[in-house]
$ cat upload29.tsv   # TSV, C-alpha atoms and all ligand atoms
chain	number	residue	atom	x	y	z
A	99	MET	CA	101.82	-111.54	-8.91
A	100	PRO	CA	104.06	-108.68	-7.68
A	101	PRO	CA	104.37	-108.64	-3.83
A	102	ALA	CA	101.51	-106.86	-2.04
A	103	THR	CA	103.55	-105.58	0.89
A	104	SER	CA	106.93	-103.93	0.85
A	105	PRO	CA	109.63	-106.62	0.50
A	106	ARG	CA	112.51	-107.17	2.90
A	107	LEU	CA	114.87	-107.90	0.01
A	108	SER	CA	114.65	-106.89	-3.64
A	109	VAL	CA	116.78	-109.16	-5.78
A	110	VAL	CA	118.12	-109.29	-9.31
A	111	ILE	CA	119.20	-112.82	-10.23
A	112	ASP	CA	121.89	-113.54	-12.80
A	113	THR	CA	121.58	-117.20	-13.68
A	114	ASP	CA	122.20	-120.04	-16.16
A	115	PRO	CA	119.26	-122.46	-15.65
A	116	GLY	CA	120.40	-125.19	-15.27
A	117	VAL	CA	118.70	-127.53	-12.84
A	118	ASP	CA	119.99	-126.11	-9.56
A	119	ASP	CA	119.44	-122.56	-10.85
A	120	ALA	CA	115.81	-123.45	-11.53
A	121	TRP	CA	115.46	-124.77	-7.98
A	122	ALA	CA	117.04	-121.56	-6.61
A	123	ILE	CA	114.52	-119.41	-8.50
A	124	LEU	CA	111.62	-121.57	-7.24
A	125	PHE	CA	112.96	-121.28	-3.67
A	126	LEU	CA	113.19	-117.48	-3.85
A	127	ALA	CA	109.84	-117.14	-5.57
A	128	ALA	CA	108.25	-118.82	-2.54
A	129	GLN	CA	109.67	-116.30	-0.02
A	130	PRO	CA	106.85	-113.86	0.76
A	131	ASP	CA	109.28	-111.15	1.90
A	132	ILE	CA	111.56	-111.30	-1.15
A	133	GLU	CA	110.89	-109.51	-4.42
A	134	ILE	CA	112.50	-110.90	-7.58
A	135	VAL	CA	112.88	-107.69	-9.56
A	136	ALA	CA	114.43	-109.09	-12.74
A	137	VAL	CA	116.48	-111.95	-14.10
A	138	GLY	CA	119.57	-111.83	-16.31
A	139	ALA	CA	120.37	-114.96	-18.30
A	140	ALA	CA	124.00	-116.03	-18.46
A	141	HIS	CA	125.97	-118.59	-20.42
A	142	GLY	CA	127.39	-121.41	-18.31
A	143	ASN	CA	125.39	-124.58	-17.91
A	144	VAL	CA	123.83	-123.88	-21.32
A	145	PRO	CA	124.13	-121.11	-23.95
A	146	THR	CA	122.60	-117.77	-22.95
A	147	ALA	CA	119.51	-118.07	-25.17
A	148	VAL	CA	118.66	-121.46	-23.65
A	149	ALA	CA	119.22	-120.08	-20.15
A	150	ALA	CA	116.85	-117.19	-20.93
A	151	ALA	CA	114.13	-119.49	-22.28
A	152	ASN	CA	114.46	-121.67	-19.17
A	153	ALA	CA	114.36	-118.67	-16.82
A	154	LEU	CA	111.07	-117.59	-18.42
A	155	ARG	CA	109.67	-121.13	-18.00
A	156	VAL	CA	110.66	-121.33	-14.33
A	157	LEU	CA	109.26	-117.89	-13.52
A	158	ASP	CA	105.99	-118.87	-15.22
A	159	VAL	CA	105.80	-122.03	-13.09
A	160	ALA	CA	106.42	-119.89	-10.00
A	161	GLY	CA	103.59	-117.53	-10.92
A	162	LEU	CA	106.09	-114.71	-11.56
A	163	ASP	CA	105.25	-114.02	-15.18
A	164	HIS	CA	105.61	-110.28	-14.54
A	165	VAL	CA	109.37	-110.63	-13.88
A	166	PRO	CA	111.44	-109.61	-16.93
A	167	VAL	CA	114.26	-111.77	-18.27
A	168	ALA	CA	117.11	-110.11	-20.19
A	169	VAL	CA	119.52	-112.15	-22.29
A	170	GLY	CA	123.16	-111.90	-21.31
A	171	HIS	CA	126.39	-111.93	-23.26
A	172	PRO	CA	126.74	-115.10	-25.35
A	173	THR	CA	130.41	-115.81	-24.59
A	174	PRO	CA	132.95	-115.41	-21.80
A	175	LEU	CA	135.08	-112.25	-21.98
A	176	GLN	CA	138.15	-114.01	-23.43
A	177	GLN	CA	137.86	-117.75	-23.71
A	178	SER	CA	135.45	-119.69	-25.89
A	179	LEU	CA	132.05	-120.86	-24.70
A	180	GLN	CA	132.00	-124.05	-22.65
A	181	THR	CA	128.69	-125.47	-21.45
A	182	SER	CA	127.64	-128.39	-19.21
A	183	GLU	CA	124.72	-130.18	-20.85
A	184	PHE	CA	126.15	-133.47	-19.60
A	185	VAL	CA	125.24	-132.27	-16.09
A	186	HIS	CA	121.95	-130.47	-16.77
A	187	GLY	CA	120.55	-132.20	-19.87
A	188	ASP	CA	120.47	-131.06	-23.50
A	189	ASP	CA	117.87	-128.39	-22.80
A	190	GLY	CA	119.41	-127.47	-19.42
A	191	LEU	CA	116.40	-128.90	-17.60
A	192	GLY	CA	116.97	-132.64	-17.81
A	193	GLY	CA	115.26	-132.96	-21.21
A	194	ASN	CA	111.98	-131.94	-19.56
A	195	ALA	CA	111.98	-128.18	-20.07
A	196	GLY	CA	108.55	-128.45	-21.66
A	197	PRO	CA	106.84	-125.93	-23.93
A	198	ALA	CA	108.37	-122.49	-24.37
A	199	SER	CA	106.97	-119.63	-22.33
A	200	PRO	CA	104.56	-117.41	-24.27
A	201	ARG	CA	106.58	-114.45	-22.98
A	202	ARG	CA	109.48	-112.73	-24.73
A	203	THR	CA	112.81	-111.70	-23.29
A	204	SER	CA	113.47	-107.98	-22.72
A	205	PRO	CA	114.97	-105.83	-25.48
A	206	GLU	CA	117.95	-104.80	-23.30
A	207	THR	CA	120.93	-106.99	-22.40
A	208	ALA	CA	121.34	-108.49	-18.92
A	209	ALA	CA	124.17	-106.01	-18.22
A	210	GLU	CA	122.06	-103.04	-19.40
A	211	GLN	CA	119.14	-104.23	-17.27
A	212	LEU	CA	121.33	-104.51	-14.17
A	213	VAL	CA	122.83	-101.05	-14.66
A	214	ARG	CA	119.42	-99.46	-15.34
A	215	LEU	CA	117.83	-101.03	-12.26
A	216	ALA	CA	120.79	-100.20	-10.02
A	217	ARG	CA	120.66	-96.54	-11.12
A	218	GLN	CA	116.89	-96.41	-10.65
A	219	ARG	CA	117.03	-97.91	-7.17
A	220	PRO	CA	120.45	-96.92	-5.74
A	221	GLY	CA	121.48	-98.88	-2.65
A	222	GLU	CA	118.32	-101.02	-2.70
A	223	LEU	CA	119.03	-104.07	-4.79
A	224	THR	CA	120.77	-107.31	-3.92
A	225	LEU	CA	122.36	-109.19	-6.81
A	226	LEU	CA	122.37	-112.98	-6.62
A	227	ALA	CA	124.89	-114.29	-9.17
A	228	LEU	CA	124.49	-118.01	-9.85
A	229	ALA	CA	126.48	-118.26	-13.07
A	230	PRO	CA	129.76	-117.14	-14.68
A	231	LEU	CA	130.19	-113.43	-13.92
A	232	THR	CA	130.34	-112.18	-17.53
A	233	ASN	CA	127.17	-110.05	-17.33
A	234	ILE	CA	128.26	-108.48	-14.05
A	235	ALA	CA	131.72	-107.63	-15.40
A	236	LEU	CA	130.12	-106.02	-18.47
A	237	ALA	CA	127.73	-104.06	-16.24
A	238	LEU	CA	130.74	-102.83	-14.25
A	239	ARG	CA	132.44	-101.65	-17.44
A	240	MET	CA	129.26	-99.70	-18.32
A	241	GLU	CA	128.84	-98.31	-14.80
A	242	PRO	CA	132.03	-98.31	-12.68
A	243	GLY	CA	129.92	-97.00	-9.77
A	244	LEU	CA	127.92	-100.23	-9.67
A	245	PRO	CA	129.48	-101.38	-6.35
A	246	ARG	CA	128.01	-98.26	-4.69
A	247	LEU	CA	124.66	-98.62	-6.44
A	248	LEU	CA	124.02	-102.21	-5.35
A	249	ARG	CA	123.27	-103.02	-1.74
A	250	ARG	CA	125.00	-106.38	-1.79
A	251	VAL	CA	126.19	-109.13	-4.11
A	252	VAL	CA	126.01	-112.84	-3.29
A	253	VAL	CA	127.96	-115.09	-5.65
A	254	MET	CA	127.78	-118.87	-5.92
A	255	GLY	CA	131.30	-119.56	-7.06
A	256	GLY	CA	134.84	-120.57	-6.28
A	257	ALA	CA	136.47	-123.53	-4.58
A	258	PHE	CA	139.07	-122.87	-1.88
A	259	ARG	CA	139.81	-125.92	0.24
A	260	VAL	CA	138.05	-128.51	-1.90
A	261	PRO	CA	138.81	-129.65	-5.46
A	262	GLY	CA	137.15	-127.90	-8.38
A	263	ASN	CA	134.31	-129.40	-10.39
A	264	VAL	CA	135.43	-128.38	-13.92
A	265	THR	CA	139.14	-128.93	-13.43
A	266	ALA	CA	140.96	-130.28	-10.41
A	267	TRP	CA	141.25	-126.67	-9.17
A	268	ALA	CA	138.44	-124.62	-10.72
A	269	GLU	CA	134.74	-124.41	-9.90
A	270	ALA	CA	132.36	-124.05	-12.87
A	271	ASN	CA	131.25	-120.44	-12.44
A	272	SER	CA	134.82	-119.15	-12.09
A	273	ALA	CA	136.22	-121.59	-14.68
A	274	HIS	CA	133.65	-120.53	-17.29
A	275	ASP	CA	134.82	-116.89	-17.20
A	276	PRO	CA	137.92	-116.32	-15.06
A	277	GLU	CA	138.54	-112.77	-16.38
A	278	ALA	CA	135.00	-111.72	-15.46
A	279	ALA	CA	135.36	-113.20	-11.98
A	280	GLU	CA	138.64	-111.29	-11.50
A	281	GLU	CA	137.03	-107.98	-12.56
A	282	VAL	CA	134.13	-108.50	-10.16
A	283	LEU	CA	136.32	-109.56	-7.23
A	284	ARG	CA	138.52	-106.48	-7.65
A	285	ALA	CA	135.68	-103.98	-7.99
A	286	GLY	CA	134.79	-103.24	-4.36
A	287	PHE	CA	131.30	-104.73	-4.11
A	288	ASP	CA	129.91	-105.69	-0.73
A	289	LEU	CA	130.36	-109.27	-1.85
A	290	THR	CA	129.71	-112.65	-0.27
A	291	MET	CA	131.00	-115.81	-1.95
A	292	VAL	CA	129.27	-119.12	-1.37
A	293	PRO	CA	131.92	-121.51	-2.69
A	294	LEU	CA	131.83	-125.19	-3.53
A	295	ASP	CA	133.31	-125.80	-0.06
A	296	MET	CA	129.85	-124.88	1.32
A	297	THR	CA	127.48	-125.95	-1.43
A	298	GLU	CA	128.77	-129.53	-1.36
A	299	HIS	CA	127.06	-129.79	2.04
A	300	ALA	CA	123.70	-129.14	0.36
A	301	TRP	CA	123.23	-132.78	-0.48
A	302	ALA	CA	119.70	-133.90	-1.39
A	303	ASP	CA	119.51	-137.66	-0.90
A	304	ASP	CA	116.88	-139.90	-2.45
A	305	ILE	CA	114.59	-139.77	0.61
A	306	TRP	CA	114.70	-135.96	0.64
A	307	LEU	CA	114.05	-135.84	-3.11
A	308	LYS	CA	111.12	-138.26	-2.75
A	309	ARG	CA	109.46	-135.84	-0.34
A	310	ILE	CA	109.58	-133.21	-3.09
A	311	ALA	CA	108.42	-135.68	-5.76
A	312	ASP	CA	105.41	-136.62	-3.60
A	313	ALA	CA	104.26	-133.01	-3.19
A	314	ALA	CA	101.51	-131.59	-5.37
A	315	THR	CA	102.57	-127.95	-5.78
A	316	PRO	CA	103.48	-126.74	-9.29
A	317	ALA	CA	106.98	-125.85	-8.02
A	318	ALA	CA	107.61	-129.33	-6.57
A	319	ARG	CA	106.26	-131.03	-9.67
A	320	PHE	CA	108.43	-128.97	-11.98
A	321	ALA	CA	111.52	-129.25	-9.76
A	322	SER	CA	111.19	-133.05	-9.64
A	323	SER	CA	110.55	-133.37	-13.35
A	324	VAL	CA	113.89	-131.81	-14.36
A	325	LEU	CA	116.18	-133.90	-12.13
A	326	ASP	CA	117.03	-137.09	-14.02
A	327	THR	CA	120.32	-136.18	-15.75
A	328	TYR	CA	121.48	-134.09	-12.80
A	329	VAL	CA	120.81	-136.77	-10.19
A	330	ALA	CA	122.38	-139.46	-12.38
A	331	LEU	CA	125.58	-137.41	-12.64
A	332	TYR	CA	125.88	-136.69	-8.91
A	333	SER	CA	124.80	-140.20	-7.85
A	334	ASN	CA	127.50	-141.62	-10.05
A	335	ALA	CA	130.11	-139.21	-8.69
A	336	ARG	CA	129.29	-139.84	-5.01
A	337	GLY	CA	128.33	-143.50	-5.28
A	338	THR	CA	124.99	-142.90	-3.59
A	339	ALA	CA	121.68	-141.54	-4.91
A	340	GLY	CA	121.11	-137.80	-4.73
A	341	CYS	CA	122.41	-134.44	-5.95
A	342	VAL	CA	124.04	-131.24	-4.75
A	343	LEU	CA	121.88	-128.10	-4.61
A	344	HIS	CA	124.59	-125.46	-5.16
A	345	ASP	CA	122.51	-122.48	-6.23
A	346	PRO	CA	119.57	-123.07	-3.86
A	347	LEU	CA	122.05	-123.03	-0.96
A	348	ALA	CA	123.47	-119.69	-2.12
A	349	ALA	CA	119.91	-118.36	-2.43
A	350	ALA	CA	119.04	-119.59	1.07
A	351	ILE	CA	122.16	-117.89	2.50
A	352	MET	CA	121.30	-114.69	0.66
A	353	ALA	CA	117.79	-114.84	2.11
A	354	ASP	CA	119.13	-115.40	5.64
A	355	GLU	CA	122.76	-114.52	6.26
A	356	SER	CA	122.66	-116.23	9.67
A	357	LEU	CA	122.67	-119.64	7.97
A	358	ALA	CA	126.43	-119.28	7.47
A	359	THR	CA	129.50	-117.91	9.22
A	360	TYR	CA	131.98	-115.88	7.21
A	361	GLU	CA	135.66	-115.08	6.87
A	362	GLU	CA	137.09	-112.10	4.99
A	363	TYR	CA	139.89	-112.45	2.47
A	364	GLN	CA	141.27	-110.83	-0.61
A	365	VAL	CA	140.46	-113.32	-3.36
A	366	MET	CA	141.95	-113.58	-6.84
A	367	VAL	CA	141.25	-115.83	-9.79
A	368	GLU	CA	144.09	-117.60	-11.57
A	369	LEU	CA	144.13	-116.52	-15.23
A	370	ALA	CA	146.94	-118.64	-16.61
A	371	GLY	CA	148.09	-122.17	-17.11
A	372	HIS	CA	146.85	-125.41	-15.68
A	373	THR	CA	145.12	-123.82	-12.70
A	374	ARG	CA	143.22	-121.21	-14.77
A	375	GLY	CA	139.89	-120.44	-13.11
A	376	ALA	CA	141.03	-121.47	-9.62
A	377	THR	CA	140.07	-119.07	-6.82
A	378	LEU	CA	142.94	-118.21	-4.48
A	379	LEU	CA	143.05	-116.60	-1.07
A	380	ASP	CA	145.98	-115.64	1.13
A	381	ASP	CA	145.56	-117.55	4.37
A	382	ARG	CA	149.04	-117.09	5.81
A	383	LYS	CA	148.94	-116.65	9.56
A	384	PHE	CA	152.17	-114.67	9.73
A	385	ASP	CA	153.40	-111.72	7.77
A	386	ILE	CA	155.59	-112.49	4.77
A	387	PRO	CA	155.63	-109.32	2.71
A	388	GLN	CA	155.76	-110.97	-0.70
A	389	GLY	CA	154.19	-113.69	-2.79
A	390	GLY	CA	150.54	-113.04	-1.97
A	391	ILE	CA	147.63	-111.43	-3.84
A	392	PRO	CA	149.40	-108.96	-6.14
A	393	ASP	CA	147.31	-105.83	-5.52
A	394	GLN	CA	145.46	-104.01	-2.75
A	395	ARG	CA	142.02	-105.32	-3.71
A	396	PRO	CA	139.23	-105.06	-1.14
A	397	PRO	CA	138.44	-108.16	0.90
A	398	VAL	CA	135.30	-110.18	0.22
A	399	ARG	CA	133.29	-112.32	2.61
A	400	ILE	CA	133.49	-116.07	2.10
A	401	ALA	CA	130.96	-118.41	3.68
A	402	ALA	CA	133.10	-120.61	5.93
A	403	THR	CA	130.54	-122.81	7.71
A	404	VAL	CA	126.90	-123.42	6.88
A	405	ASP	CA	123.86	-124.81	8.65
A	406	ALA	CA	123.03	-127.01	5.67
A	407	ALA	CA	120.31	-128.95	7.50
A	408	THR	CA	118.27	-125.80	8.15
A	409	ALA	CA	118.88	-124.54	4.63
A	410	MET	CA	117.72	-127.85	3.12
A	411	ASP	CA	114.67	-127.80	5.32
A	412	ARG	CA	113.79	-124.30	4.09
A	413	ILE	CA	114.32	-125.31	0.46
A	414	HIS	CA	112.03	-128.29	0.99
A	415	ARG	CA	109.36	-126.18	2.65
A	416	ALA	CA	109.50	-123.52	-0.06
A	417	LEU	CA	108.83	-126.06	-2.79
A	418	VAL	CA	106.11	-128.12	-1.12
A	419	THR	CA	104.04	-125.39	0.58
A	420	PRO	CA	101.04	-124.30	-1.50
A	421	GLU	CA	101.04	-120.57	-2.29
A	422	ALA	CA	97.91	-119.97	-0.22
A	423	ASP	CA	99.65	-121.32	2.93
A	424	ARG	CA	102.84	-119.24	2.77
A	501	LIG	C1	127.74	-123.98	-10.21
A	501	LIG	O1	127.96	-124.34	-11.59
A	501	LIG	C2	126.75	-124.66	-12.22
A	501	LIG	O2	126.83	-125.89	-12.86
A	501	LIG	C3	125.69	-124.70	-11.17
A	501	LIG	O3	124.48	-124.21	-11.67
A	501	LIG	C4	126.25	-123.81	-10.08
A	501	LIG	O4	125.91	-122.46	-10.29
A	501	LIG	C5	128.34	-125.05	-9.34
A	501	LIG	O5	129.72	-125.13	-9.54
A	502	CA	CA	124.18	-121.86	-11.92
$ encode --input "upload29.tsv" --output "structure tokens" --more "lines below"
Ligand code: BDR
Ligand code: CA
Amino acid sequence: MPPATSPRLSVVIDTDPGVDDAWAILFLAAQPDIEIVAVGAAHGNVPTAVAAANALRVLDVAGLDHVPVAVGHPTPLQQSLQTSEFVHGDDGLGGNAGPASPRRTSPETAAEQLVRLARQRPGELTLLALAPLTNIALALRMEPGLPRLLRRVVVMGGAFRVPGNVTAWAEANSAHDPEAAEEVLRAGFDLTMVPLDMTEHAWADDIWLKRIADAATPAARFASSVLDTYVALYSNARGTAGCVLHDPLAAAIMADESLATYEEYQVMVELAGHTRGATLLDDRKFDIPQGGIPDQRPPVRIAATVDAATAMDRIHRALVTPEADR
């Protein structure tokens, strides 16, 4: 059902569901003061068409079958498509995606949808980008005024003071389309990055996950049912049972900025060589006039500390609280 009262935040989500993307959508769908206006499906964890089919499924589970899903661009801007089924399962939802939604995707592309909505509602919409930034870069090419038309952009992406998760230096969403990330970071959006440095604190251990598995809501049931491949991967990597909830943490920070503290930097994405896809910031404490970010790009806000315990508590509550009690 569309929200009855006027929402505090109206959000367009660009996403590649993907297990943690699905959880992020379910979290946001349970916020009574947040309106999900539309979803754009991106390549990343899975190909774009699979991401779109999964977005429709998740919205249906959340009771948001009025929210349109537009299919995004099938490939990164320059490199070839690289997906992560080994993390998210062959169907992107742990092999348990279930039957297809009876709904269809929209006739427009994800970039066209974003531009249309931003023009229709100038200054109103927040964009939550949980995937490679291909669709956002293409929207920018169509509408260079997009940074003025959107209220705010929150990006899950980048790795600054921790290793990457696709290469030793690059986080998945920047590694899967470095050129797009560069275009977006240079464009002048009011932009907050929630990098791997923060999302790695959003650890769901087996006890926390059991509390979701024991809940009876449709959201909790679905969220638990898609976890197997994802949890196996993270449990193996950390040597203890659980998983990292990257995108839900970014969604929780978007919903309540006070969950994090921020630092402002110019950020660039490495486009060449071994470190391609790495996100770089200039953190020198004294002024050396050369050898930094090579242009006068606007600074972006990077989440620097996070209250992960409160965020995890909110994610838990969102999934286990029946709709009638919200
Ligand atoms: C990001 O990459 C994807 O695998 C996740 O969905 C998340 O958006 C984490 O690096
Ligand atoms: Ca994602």
$ atom_distance --input "upload29.tsv" --atom1 "CA of Ala235 (chain A)" --atom2 "CA of Glu277 (chain A)"
8.6 Å
$ residues_near_ligand --input "upload29.tsv" --ligand "ligand LIG 501 (chain A)" --cutoff "6 Å" --atoms "only C-alpha atoms and all ligand atoms" --output "list in words"
Gly116, Asp118, Asp119, Asn143, Leu228, Ala229, Met254, Glu269, Ala270, Asn271, His344 and Asp345 of chain A
$ residues_near_ligand --input "upload29.tsv" --ligand "ligand CA 502 (chain A)" --cutoff "12 Å" --atoms "all atoms listed in the file" --output "JSON, numbers by chain"
{"A": [111, 112, 113, 114, 115, 116, 117, 118, 119, 120, 121, 122, 123, 138, 139, 140, 141, 142, 143, 144, 146, 149, 153, 181, 182, 185, 186, 190, 191, 226, 227, 228, 229, 230, 231, 253, 254, 255, 269, 270, 271, 272, 274, 294, 297, 342, 343, 344, 345, 346, 347, 348, 349]}
$ residues_near_point --input "upload29.tsv" --point "(115.3, -127.5, 2.4)" --cutoff "10 Å" --atoms "all atoms listed in the file" --output "MDAnalysis selection string"
chainID A and resid 125 300:302 306 310 343 346:347 350 406:418
$ atom_distance --input "upload29.tsv" --atom1 "CA of Phe384 (chain A)" --atom2 "CA of Val367 (chain A)"
22.4 Å
$ closest_residue --input "upload29.tsv" --among "A:Ala160, A:Asp380, A:Gln388, A:Pro293" --to "Pro261 (chain A)" --atoms "only C-alpha atoms"
A:Pro293
$ atom_distance --input "upload29.tsv" --atom1 "CA of Ser104 (chain A)" --atom2 "CA of Ala208 (chain A)"
24.9 Å
$ closest_residue --input "upload29.tsv" --among "A:Thr173, A:Ser356, A:Pro130, A:Arg259" --to "Asp381 (chain A)" --atoms "only C-alpha atoms"
A:Arg259
$ closest_residue --input "upload29.tsv" --among "A:Gly256, A:Leu307, A:Glu241, A:Ile234" --to "Leu378 (chain A)" --atoms "only C-alpha atoms"
A:Gly256
$ closest_residue --input "upload29.tsv" --among "A:Leu154, A:Leu212, A:Ala401, A:Val167" --to "Pro200 (chain A)" --atoms "all atoms listed in the file"
A:Leu154
$ closest_residue --input "upload29.tsv" --among "A:Val292, A:Leu124, A:Ala168, A:Ala216" --to "Arg399 (chain A)" --atoms "all atoms listed in the file"
A:Val292
$ closest_residue --input "upload29.tsv" --among "A:Phe287, A:Tyr363, A:Phe258, A:Phe320" --to "Leu238 (chain A)" --atoms "all atoms listed in the file"
A:Phe287
